[in-house]
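What follows is the content of final.txt, which has compact mmCIF, C-alpha atoms:
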```
# COMPACT_ATOMS: atom_id res chain seq x y z
CA MET A 1 -20.87 40.91 -108.07
CA GLY A 2 -23.57 41.25 -105.39
CA LEU A 3 -26.94 39.53 -105.17
CA ARG A 4 -29.33 40.59 -107.89
CA PRO A 5 -32.83 41.88 -107.01
CA GLY A 6 -35.59 39.34 -106.44
CA HIS A 7 -37.73 40.60 -109.36
CA CYS A 8 -35.07 39.24 -111.75
CA TYR A 9 -36.13 35.69 -110.80
CA SER A 10 -39.80 36.11 -109.79
CA SER A 11 -41.41 35.15 -113.13
CA LYS A 12 -42.52 31.61 -114.01
CA LYS A 13 -42.44 31.85 -117.80
CA ASP A 14 -40.24 28.76 -118.22
CA ARG A 15 -40.86 25.25 -117.00
CA ALA A 16 -39.40 24.23 -113.63
CA PHE A 17 -35.86 22.84 -113.66
CA THR A 18 -35.43 20.27 -110.89
CA ARG A 19 -33.50 17.37 -112.41
CA TYR A 20 -30.60 16.77 -110.05
CA ALA A 21 -29.91 13.11 -109.22
CA VAL A 22 -28.28 12.60 -105.82
CA LYS A 23 -27.86 8.81 -105.83
CA VAL A 24 -27.37 8.09 -109.55
CA HIS A 25 -25.17 10.91 -110.85
CA ARG A 26 -25.22 9.79 -114.47
CA LYS A 27 -28.97 10.57 -114.58
CA SER A 28 -28.43 14.14 -113.44
CA TYR A 29 -29.05 16.85 -116.05
CA THR A 30 -26.93 19.44 -114.30
CA GLY A 31 -23.75 19.87 -112.32
CA ALA A 32 -23.36 21.00 -108.74
CA ILE A 33 -26.14 23.11 -107.17
CA PRO A 34 -25.47 25.84 -104.59
CA GLY A 35 -26.29 24.92 -101.01
CA LEU A 36 -29.71 25.63 -99.56
CA LYS A 37 -29.88 28.97 -97.74
CA THR A 38 -33.04 28.09 -95.78
CA ARG A 39 -31.59 26.56 -92.61
CA GLN A 40 -34.68 25.19 -90.84
CA PHE A 41 -38.19 24.13 -91.81
CA ASN A 42 -39.57 23.29 -88.32
CA MET A 43 -39.28 25.62 -85.34
CA GLY A 44 -40.77 25.86 -81.87
CA ASN A 45 -42.43 23.20 -79.72
CA GLY A 46 -43.68 20.41 -81.97
CA ALA A 47 -44.72 18.05 -79.16
CA LYS A 48 -47.38 20.31 -77.62
CA GLU A 49 -51.02 20.11 -78.74
CA PHE A 50 -52.18 23.58 -79.79
CA SER A 51 -55.74 24.72 -80.51
CA HIS A 52 -55.38 27.11 -83.48
CA ILE A 53 -53.50 27.15 -86.79
CA LEU A 54 -52.58 30.17 -88.95
CA ASP A 55 -51.69 29.67 -92.63
CA LEU A 56 -49.78 32.23 -94.70
CA LYS A 57 -51.03 31.87 -98.30
CA VAL A 58 -49.69 33.36 -101.54
CA GLU A 59 -52.55 34.49 -103.81
CA GLU A 60 -50.70 34.63 -107.15
CA HIS A 61 -48.20 32.76 -109.30
CA CYS A 62 -44.67 33.67 -108.28
CA GLN A 63 -41.19 32.37 -107.62
CA ILE A 64 -39.51 32.95 -104.24
CA ARG A 65 -35.78 32.43 -103.70
CA ASP A 66 -34.46 30.47 -100.74
CA ASN A 67 -32.69 33.51 -99.27
CA ALA A 68 -36.06 35.33 -99.12
CA ILE A 69 -37.60 32.34 -97.32
CA GLU A 70 -34.73 32.42 -94.82
CA SER A 71 -35.30 36.12 -94.21
CA ILE A 72 -39.02 35.51 -93.60
CA ARG A 73 -38.29 32.59 -91.31
CA MET A 74 -35.88 34.57 -89.16
CA ALA A 75 -38.24 37.55 -88.83
CA ILE A 76 -41.31 35.48 -87.91
CA ASN A 77 -39.45 33.10 -85.60
CA ARG A 78 -37.76 35.95 -83.71
CA TYR A 79 -41.07 37.77 -83.17
CA LEU A 80 -42.86 34.63 -81.94
CA ASN A 81 -39.95 33.67 -79.71
CA ASN A 82 -39.86 37.11 -78.07
CA HIS A 83 -43.63 37.31 -77.47
CA LEU A 84 -44.70 33.68 -76.88
CA GLY A 85 -41.49 31.96 -75.77
CA LYS A 86 -39.82 28.86 -77.19
CA GLU A 87 -42.59 26.54 -75.97
CA GLY A 88 -45.57 28.69 -76.98
CA TYR A 89 -45.73 28.00 -80.73
CA PHE A 90 -44.77 25.68 -83.57
CA MET A 91 -43.90 26.99 -87.05
CA LYS A 92 -43.44 24.99 -90.24
CA ILE A 93 -42.41 26.03 -93.76
CA ARG A 94 -44.79 24.17 -96.11
CA ALA A 95 -42.87 24.51 -99.41
CA TYR A 96 -39.40 23.37 -100.46
CA PRO A 97 -37.09 25.14 -102.99
CA PHE A 98 -36.81 22.40 -105.63
CA HIS A 99 -36.45 24.73 -108.62
CA VAL A 100 -32.85 25.44 -109.68
CA LEU A 101 -32.15 28.97 -110.92
CA ARG A 102 -29.83 29.49 -113.89
CA GLU A 103 -28.15 32.56 -115.29
CA ASN A 104 -26.07 33.29 -118.39
CA LYS A 105 -23.38 35.30 -116.68
CA GLN A 106 -21.81 38.00 -118.81
CA ALA A 107 -18.69 40.04 -118.26
CA GLN A 108 -19.09 43.67 -117.26
CA GLY A 109 -16.83 46.68 -117.55
CA ALA A 110 -14.54 48.15 -120.18
CA GLY A 111 -13.16 45.84 -122.85
CA ALA A 112 -15.80 43.14 -122.28
CA ASP A 113 -18.00 43.90 -125.27
CA ARG A 114 -17.09 40.78 -127.18
CA VAL A 115 -17.61 38.50 -124.12
CA SER A 116 -20.87 40.11 -122.99
CA GLN A 117 -22.65 39.32 -126.26
CA GLY A 118 -22.70 35.61 -125.42
CA MET A 119 -25.40 33.24 -126.71
CA SER A 120 -28.97 34.46 -127.14
CA HIS A 121 -30.63 31.27 -125.73
CA SER A 122 -28.00 29.72 -123.50
CA PHE A 123 -28.80 27.11 -120.85
CA GLY A 124 -27.03 29.13 -118.16
CA LYS A 125 -25.18 28.23 -114.99
CA ASN A 126 -26.72 27.15 -111.68
CA ILE A 127 -26.78 30.05 -109.23
CA GLY A 128 -29.35 29.15 -106.57
CA ARG A 129 -32.73 27.63 -105.66
CA ALA A 130 -36.29 28.89 -105.51
CA ILE A 131 -39.85 27.87 -104.60
CA ARG A 132 -42.56 27.91 -107.24
CA ILE A 133 -45.87 28.96 -105.68
CA ARG A 134 -49.40 28.40 -106.98
CA PRO A 135 -52.29 30.77 -106.12
CA GLY A 136 -53.72 29.81 -102.73
CA GLN A 137 -50.77 27.60 -101.77
CA LYS A 138 -49.68 27.58 -98.11
CA LEU A 139 -46.19 28.91 -97.56
CA ILE A 140 -45.91 28.94 -93.74
CA SER A 141 -48.14 27.53 -90.98
CA VAL A 142 -48.03 28.42 -87.27
CA LEU A 143 -49.65 26.54 -84.37
CA VAL A 144 -50.59 28.56 -81.26
CA ASP A 145 -53.12 28.59 -78.46
CA GLU A 146 -56.16 30.86 -78.56
CA ASP A 147 -54.46 33.67 -76.62
CA GLY A 148 -51.54 33.76 -79.12
CA VAL A 149 -53.56 34.16 -82.35
CA GLU A 150 -53.13 37.95 -82.59
CA VAL A 151 -49.39 37.70 -81.92
CA ALA A 152 -49.02 35.10 -84.67
CA LYS A 153 -50.98 37.32 -87.08
CA ARG A 154 -48.63 40.24 -86.48
CA ALA A 155 -45.65 37.91 -86.94
CA LEU A 156 -46.89 36.56 -90.29
CA GLN A 157 -47.61 40.08 -91.55
CA ARG A 158 -43.85 40.69 -91.48
CA ALA A 159 -43.56 38.63 -94.66
CA ASN A 160 -45.29 41.36 -96.73
CA SER A 161 -42.13 43.43 -97.09
CA ARG A 162 -40.01 40.41 -98.08
CA ILE A 163 -42.17 38.89 -100.84
CA GLY A 164 -43.29 40.82 -103.89
CA ALA A 165 -46.68 39.07 -104.05
CA GLU A 166 -50.16 39.30 -102.58
CA LEU A 167 -50.46 37.41 -99.26
CA SER A 168 -53.34 36.37 -97.02
CA ILE A 169 -53.62 34.84 -93.54
CA ARG A 170 -56.21 32.19 -92.64
CA VAL A 171 -57.06 31.26 -89.03
CA GLY A 172 -58.61 27.88 -88.21
CA THR A 173 -58.81 25.04 -85.72
CA ASP A 174 -57.95 22.08 -88.01
CA VAL A 175 -54.55 21.64 -86.41
CA GLU A 176 -53.90 18.28 -88.09
CA SER A 177 -53.76 19.97 -91.51
CA ILE A 178 -50.19 21.08 -90.78
CA GLY A 179 -49.02 17.57 -91.68
CA THR A 180 -46.22 15.56 -90.13
CA ARG A 181 -44.02 16.77 -87.29
CA PRO A 182 -40.21 16.36 -87.10
CA LYS A 183 -38.94 12.82 -86.44
CA LYS A 184 -37.55 13.70 -82.99
CA THR A 185 -40.91 15.22 -82.07
CA ARG A 186 -42.78 12.14 -83.28
CA ASP A 187 -40.52 9.96 -81.13
CA ILE A 188 -41.20 12.15 -78.07
CA ILE A 189 -44.97 12.02 -78.63
CA LYS A 190 -44.84 8.24 -79.11
CA ALA A 191 -42.86 7.80 -75.87
CA GLU A 192 -45.31 10.00 -73.95
CA LYS A 193 -48.28 8.00 -75.28
CA GLU A 194 -46.62 4.72 -74.31
CA GLU A 195 -45.94 5.99 -70.79
CA ALA A 196 -49.55 7.16 -70.45
CA ALA A 197 -50.82 3.76 -71.65
CA LYS A 198 -48.57 1.95 -69.15
CA LYS A 199 -49.83 4.13 -66.30
CA GLU A 200 -53.44 3.41 -67.29
CA GLU A 201 -52.77 -0.33 -67.38
CA GLU A 202 -51.08 -0.21 -63.96
CA ALA A 203 -54.01 1.76 -62.55
CA LYS A 204 -56.49 -0.79 -63.96
CA GLU A 205 -54.48 -3.70 -62.54
CA GLY A 206 -54.38 -1.98 -59.15
CA GLU A 207 -58.16 -1.50 -59.21
CA LYS A 208 -58.65 -5.18 -60.12
CA LYS A 209 -56.41 -6.31 -57.22
CA GLU A 210 -58.24 -4.06 -54.77
CA GLY A 211 -61.56 -5.40 -56.04
CA ALA A 212 -60.36 -9.00 -55.65
CA LYS A 213 -59.19 -8.28 -52.09
CA GLY A 214 -62.53 -6.72 -51.26
CA GLU A 215 -64.40 -9.69 -52.70
CA GLY A 216 -62.18 -12.07 -50.71
CA LYS A 217 -62.91 -10.22 -47.46
CA GLU A 218 -66.64 -10.18 -48.18
CA GLY A 219 -66.53 -13.90 -49.01
CA LYS A 220 -64.78 -14.64 -45.74
CA LYS A 221 -67.34 -12.62 -43.79
CA GLU A 222 -70.19 -14.39 -45.54
CA GLY A 223 -68.56 -17.77 -44.91
CA LYS A 224 -68.18 -16.98 -41.19
CA ALA A 225 -71.79 -15.86 -40.96
CA GLU A 226 -73.01 -19.02 -42.70
CA GLY A 227 -70.87 -21.17 -40.38
CA LYS A 228 -72.41 -19.49 -37.31
CA GLU A 229 -75.90 -20.02 -38.63
CA GLU A 230 -75.19 -23.68 -39.36
CA LYS A 231 -73.82 -24.17 -35.82
CA LYS A 232 -76.92 -22.55 -34.36
CA GLU A 233 -79.20 -24.80 -36.37
CA ALA A 234 -77.18 -27.88 -35.41
CA GLY A 235 -77.38 -26.85 -31.75
CA LYS A 236 -81.15 -26.41 -31.99
CA LYS A 237 -81.54 -29.87 -33.54
CA GLU A 238 -79.46 -31.46 -30.78
CA ASP A 239 -81.52 -29.68 -28.11
CA ALA A 240 -84.72 -30.93 -29.76
CA LYS A 241 -83.42 -34.52 -29.80
CA GLN A 242 -82.42 -34.34 -26.15
CA GLY A 243 -85.85 -32.97 -25.27
CA LYS A 244 -87.58 -35.86 -27.06
CA GLU A 245 -85.40 -38.46 -25.31
CA GLU A 246 -86.15 -36.95 -21.91
CA LYS A 247 -89.88 -37.07 -22.60
CA LYS A 248 -89.70 -40.76 -23.57
CA LYS A 249 -87.95 -41.59 -20.29
```
Any chance you could give the structure as structure tokens?
Amino acid sequence: MGLRPGHCYSSKKDRAFTRYAVKVHRKSYTGAIPGLKTRQFNMGNGAKEFSHILDLKVEEHCQIRDNAIESIRMAINRYLNNHLGKEGYFMKIRAYPFHVLRENKQAQGAGADRVSQGMSHSFGKNIGRAIRIRPGQKLISVLVDEDGVEVAKRALQRANSRIGAELSIRVGTDVESIGTRPKKTRDIIKAEKEEAAKKEEEAKEGEKKEGAKGEGKEGKKEGKAEGKEEKKEAGKKEDAKQGKEEKKK
């Protein structure tokens, strides 16, 4: 049986089902869960400092499956990569598919009438994952420079055909609102800051040494000048004494 349409799982009439314990299995309320189909949540150059941020918002209550998020991610990332290059943007998926989808599978075809009746309110079997979205919640954020804003807008508009909900795009300059970067990126930024701080300290130490050398040279010159003046004064005093002694004779 193929994948069912997305509208079969888009409603949020029931409460979210997320209870799956990874560390303590006896506290888990369900069995195995299918693997996550969304492969990446951070793409592009996370170490660069960009000037603008674009947020893709969902303006209504809905439920989006992980395979739809993967389709959106691939479409947007490919468009940005082709038009801005790998180092010209940073994209982040802001929501995670915690909700576990369930289905009461029924047999189909001839001779399956008795099996297909099933239970009217069964718990169902785990078949996948989905994201539960609130109105105004950010789904995807993209960081670009000022000259890449229009390209990023066109890229985010590609999500309209993949989500059966009303979407909006907001452009701003509060880049820090995107949240944390990937761990590798944070390590790179930290290393760059440390190197910059070391270079600044070395430059300051070099300036101090040059200043001390200059002060030493000036002090030596002043000392020499003072020594010459003292010698001149001493010579004048000796000449005056000799002149007095000659007069007495």
Q | Two-atom distance - atom CA of A:Asn160, atom CA of A:Gly85 (Å) | A | 23.3 Å
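In terms of minimum interatomic distance to A:Ile169, A:Leu56 ranks closest within A:Leu3, A:Leu56, A:Val100, A:Ile93, counting all atoms listed in the file.
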**Q.** Best match for closeness to A:Gly46 among A:Glu87, A:Glu166, A:Asp145, A:Glu201, counting only C-alpha atoms
**A.** A:Glu87
**Q.** A:Val149 environment, 10 Å, all atoms listed in the file, sequence neighbours closer than 6 positions dropped, as a count of residues only
**A.** 9
Q) In terms of the shortest atom-to-atom distance over all atoms listed in the file, which of A:Ala203, A:Glu103, A:Asp55, A:Asn42 is closest to A:Asp174? A) A:Asp55
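With distances taken over all atoms listed in the file, A:Phe123 is the one residue among A:Phe123, A:Cys62, A:Arg181, A:Glu49 lying closest to A:Tyr29.
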